[in-house]
Amino acid sequence: LTSYPEINSRDLSNIIISVPNIYEQEKIAGFLSKVDELINECEGEVKDLEEQKKGLMQKIFSQQVRFKDSNNNPYPDWEEKKIGNVCKTFSGGTPSITNNSYYNGDIPFIKSGEIHSCKTEMTITEAGLKNSSAKLVTKGDLLFALYGATSGEVDISQIDGAINQAILCIRSDELNLIFLKNLLSFNKDEILCKYLQGGQGNLSAEIVKSLHFKFPFLEEQEKISKVLSKMDELIEEKKALLSDWQQFKKGLLQQMFV
């Protein structure tokens with residue numbers, strides 16, 4: 001058996017710390033409380049914006065909200081289409097991990113947990129790309145995570161790079177990919193519930209290609225995408241502000257108590 005050291009009340013009572021006088025303590029506590037209020041406020045605003053977007057998508061995808069063309073005329077009715085019939089898809093592969101010459105190159109190697117990111121933890125070489133099933137994707141491609149904890153996650157690629165077998169790249173000349181990203185994201189839970197029994201197993205290219213939804217006319221898709229992208233921008237701006245306040249508090253505590 002492994003034993004772990006314990007800290008008891010006697011140990012704690014023998015620790016010596018430096019503290020300011022009570023007046024300064026109150027000043028510090030008041031300032032930190034104000035920062036906490038700002039952090040909590042930002043967290044609430046992020047949550048509210050995310051709920052607003054979710055509610056808007058519910059109304060859009062159920063067609064409670066419709067858009068009109070430049071002449072104020074309604075667009076045609078939405079048509080049901082299967083993704084495999086209107087999209088081209090492919091997944092990648094992983095270069096042999098025993099060959100060092102395949103790694104630490106100039107090609108970002110995107111893993112399923114990195115589809116939302118603008119950088120990757122690993123890179124591969126041209127040799128690694130050529131001697132494996134890894135496939136190149138470009139900025140603007142739609143990436144869908146097939147395996148693991150991120151299964152069902154989807155996003156537009158922010159970088160040029162290569163993908164492994166856990167990612168499906170989706171391209172289309174008939175659909176707006178930002179619209180499709182939001183549609184798949186909105187239906188993520190339903191997709192996982194239907195195809196992953198008890199949370200076990202993986203999605204596949206065949207499953208994704210078999211998915212079918214009602215799609216609006218392409219021009220209406222583009223208008224919807226602009227509205228949802230604007231919501232995403234507001235959410236990301238608020239998240240960035242939240243991160244700034246969190247980092248500010250962390251730095252402040254380090255300066256105060258070091």
# chains A, B, ... in the order shown; residues from 1 in each chain; ligands from 1
$ residues_around --residues "region 128-132 of chain A" --least-positions-apart "4" --cutoff "6 Å" --atoms "only C-alpha atoms" --output "list in words"
Pro95, Tyr102 and Ile124 of chain A
$ write_last_selection --atoms "all heavy atoms" --output "compact mmCIF listing (two decimals), in the first residue's frame"
# COMPACT_ATOMS: atom_id res chain seq x y z
N PRO A 95 0.68 8.96 -39.76
CA PRO A 95 1.99 8.40 -40.14
C PRO A 95 2.52 7.51 -39.02
O PRO A 95 2.21 7.71 -37.85
CB PRO A 95 2.87 9.65 -40.32
CG PRO A 95 1.91 10.76 -40.56
CD PRO A 95 0.69 10.44 -39.77
N TYR A 102 8.97 11.26 -39.99
CA TYR A 102 7.63 11.64 -40.39
C TYR A 102 7.07 12.80 -39.54
O TYR A 102 6.01 13.34 -39.87
CB TYR A 102 6.68 10.45 -40.28
CG TYR A 102 6.93 9.35 -41.28
CD1 TYR A 102 6.32 8.09 -41.13
CD2 TYR A 102 7.77 9.53 -42.39
CE1 TYR A 102 6.54 7.07 -42.05
CE2 TYR A 102 7.99 8.52 -43.30
CZ TYR A 102 7.38 7.30 -43.13
OH TYR A 102 7.60 6.29 -44.05
N ILE A 124 3.76 17.23 -39.05
CA ILE A 124 4.35 16.12 -39.79
C ILE A 124 5.14 16.66 -40.98
O ILE A 124 5.01 17.84 -41.35
CB ILE A 124 3.29 15.11 -40.27
CG1 ILE A 124 2.28 15.78 -41.23
CG2 ILE A 124 2.58 14.48 -39.10
CD1 ILE A 124 1.30 14.80 -41.86
$ select_by_dssp --residues "region 117-161 of chain A" --states "helix (DSSP H, G or I)" --output "list in words"
Glu126, Ala127, Gly128, Leu129, Lys130, Gly148, Ala149 and Thr150 of chain A
$ write_last_selection --atoms "N, CA and C atoms" --output "mmCIF file, in the first residue's frame"
data_model
loop_
_atom_site.group_PDB
_atom_site.id
_atom_site.type_symbol
_atom_site.label_atom_id
_atom_site.label_comp_id
_atom_site.auth_asym_id
_atom_site.auth_seq_id
_atom_site.Cartn_x
_atom_site.Cartn_y
_atom_site.Cartn_z
ATOM 1 N N GLU A 126 6.657 16.208 -45.137
ATOM 2 C CA GLU A 126 6.144 15.790 -46.443
ATOM 3 C C GLU A 126 6.235 14.270 -46.590
ATOM 4 N N ALA A 127 7.329 13.694 -46.056
ATOM 5 C CA ALA A 127 7.487 12.234 -46.106
ATOM 6 C C ALA A 127 6.390 11.546 -45.305
ATOM 7 N N GLY A 128 6.048 12.115 -44.146
ATOM 8 C CA GLY A 128 4.988 11.545 -43.331
ATOM 9 C C GLY A 128 3.650 11.599 -44.041
ATOM 10 N N LEU A 129 3.421 12.687 -44.784
ATOM 11 C CA LEU A 129 2.183 12.833 -45.531
ATOM 12 C C LEU A 129 2.116 11.826 -46.678
ATOM 13 N N LYS A 130 3.206 11.706 -47.427
ATOM 14 C CA LYS A 130 3.229 10.852 -48.604
ATOM 15 C C LYS A 130 3.188 9.368 -48.258
ATOM 16 N N GLY A 148 -13.835 9.438 -30.221
ATOM 17 C CA GLY A 148 -13.406 9.895 -28.906
ATOM 18 C C GLY A 148 -14.328 10.890 -28.236
ATOM 19 N N ALA A 149 -13.743 11.613 -27.276
ATOM 20 C CA ALA A 149 -14.518 12.537 -26.445
ATOM 21 C C ALA A 149 -15.124 13.675 -27.248
ATOM 22 N N THR A 150 -14.515 13.997 -28.393
ATOM 23 C CA THR A 150 -15.017 15.113 -29.196
ATOM 24 C C THR A 150 -15.924 14.643 -30.331
#
$ residues_around --residues "region 247-254 of chain A" --least-positions-apart "3" --cutoff "8 Å" --atoms "only C-alpha atoms" --output "PyMOL selection string"
chain A and resi 32+35+243-244+257-258
$ write_last_selection --atoms "C-alpha atoms" --output "CSV table (one decimal), in the first residue's frame"
chain,number,residue,atom,x,y,z
A,32,LEU,CA,-10.7,41.4,-5.6
A,35,VAL,CA,-12.9,41.8,-10.1
A,243,SER,CA,-10.2,35.4,-20.3
A,244,ASP,CA,-8.6,38.8,-20.0
A,257,PHE,CA,1.0,37.3,-2.4
A,258,VAL,CA,4.5,36.6,-3.7
$ residues_around --residues "Gly55 (chain A)" --least-positions-apart "5" --cutoff "12 Å" --atoms "only C-alpha atoms" --output "MDAnalysis selection string"
chainID A and resid 48:50 60:62 64:65 186 228 231
$ write_last_selection --atoms "N, CA and C atoms" --output "compact mmCIF listing (two decimals), in the first residue's frame"
# COMPACT_ATOMS: atom_id res chain seq x y z
N ASP A 48 -25.63 33.79 -21.60
CA ASP A 48 -26.84 34.36 -22.19
C ASP A 48 -26.76 34.39 -23.71
N LEU A 49 -25.60 34.81 -24.24
CA LEU A 49 -25.43 34.86 -25.69
C LEU A 49 -25.51 33.47 -26.31
N GLU A 50 -24.91 32.48 -25.63
CA GLU A 50 -24.97 31.11 -26.14
C GLU A 50 -26.41 30.59 -26.15
N ILE A 60 -34.80 29.02 -36.50
CA ILE A 60 -34.40 28.99 -37.91
C ILE A 60 -34.55 27.60 -38.49
N PHE A 61 -34.02 26.59 -37.80
CA PHE A 61 -34.03 25.23 -38.34
C PHE A 61 -35.41 24.58 -38.31
N SER A 62 -36.32 25.14 -37.49
CA SER A 62 -37.70 24.67 -37.51
C SER A 62 -38.54 25.50 -38.47
N GLN A 64 -39.47 28.55 -38.19
CA GLN A 64 -40.33 29.56 -37.60
C GLN A 64 -39.88 30.95 -38.04
N VAL A 65 -38.59 31.07 -38.32
CA VAL A 65 -38.01 32.32 -38.84
C VAL A 65 -37.54 32.05 -40.25
N PHE A 186 -26.09 21.94 -34.06
CA PHE A 186 -27.40 22.01 -33.41
C PHE A 186 -27.98 20.61 -33.19
N LEU A 228 -25.80 33.98 -37.92
CA LEU A 228 -25.24 33.09 -36.90
C LEU A 228 -23.75 33.38 -36.67
N MET A 231 -23.44 36.24 -34.36
CA MET A 231 -23.64 35.79 -32.98
C MET A 231 -22.36 35.15 -32.45
$ residues_around --residues "Cys87 (chain A)" --least-positions-apart "5" --cutoff "9 Å" --atoms "only C-alpha atoms" --output "number ranges by chain"
A: 82, 170-175, 209
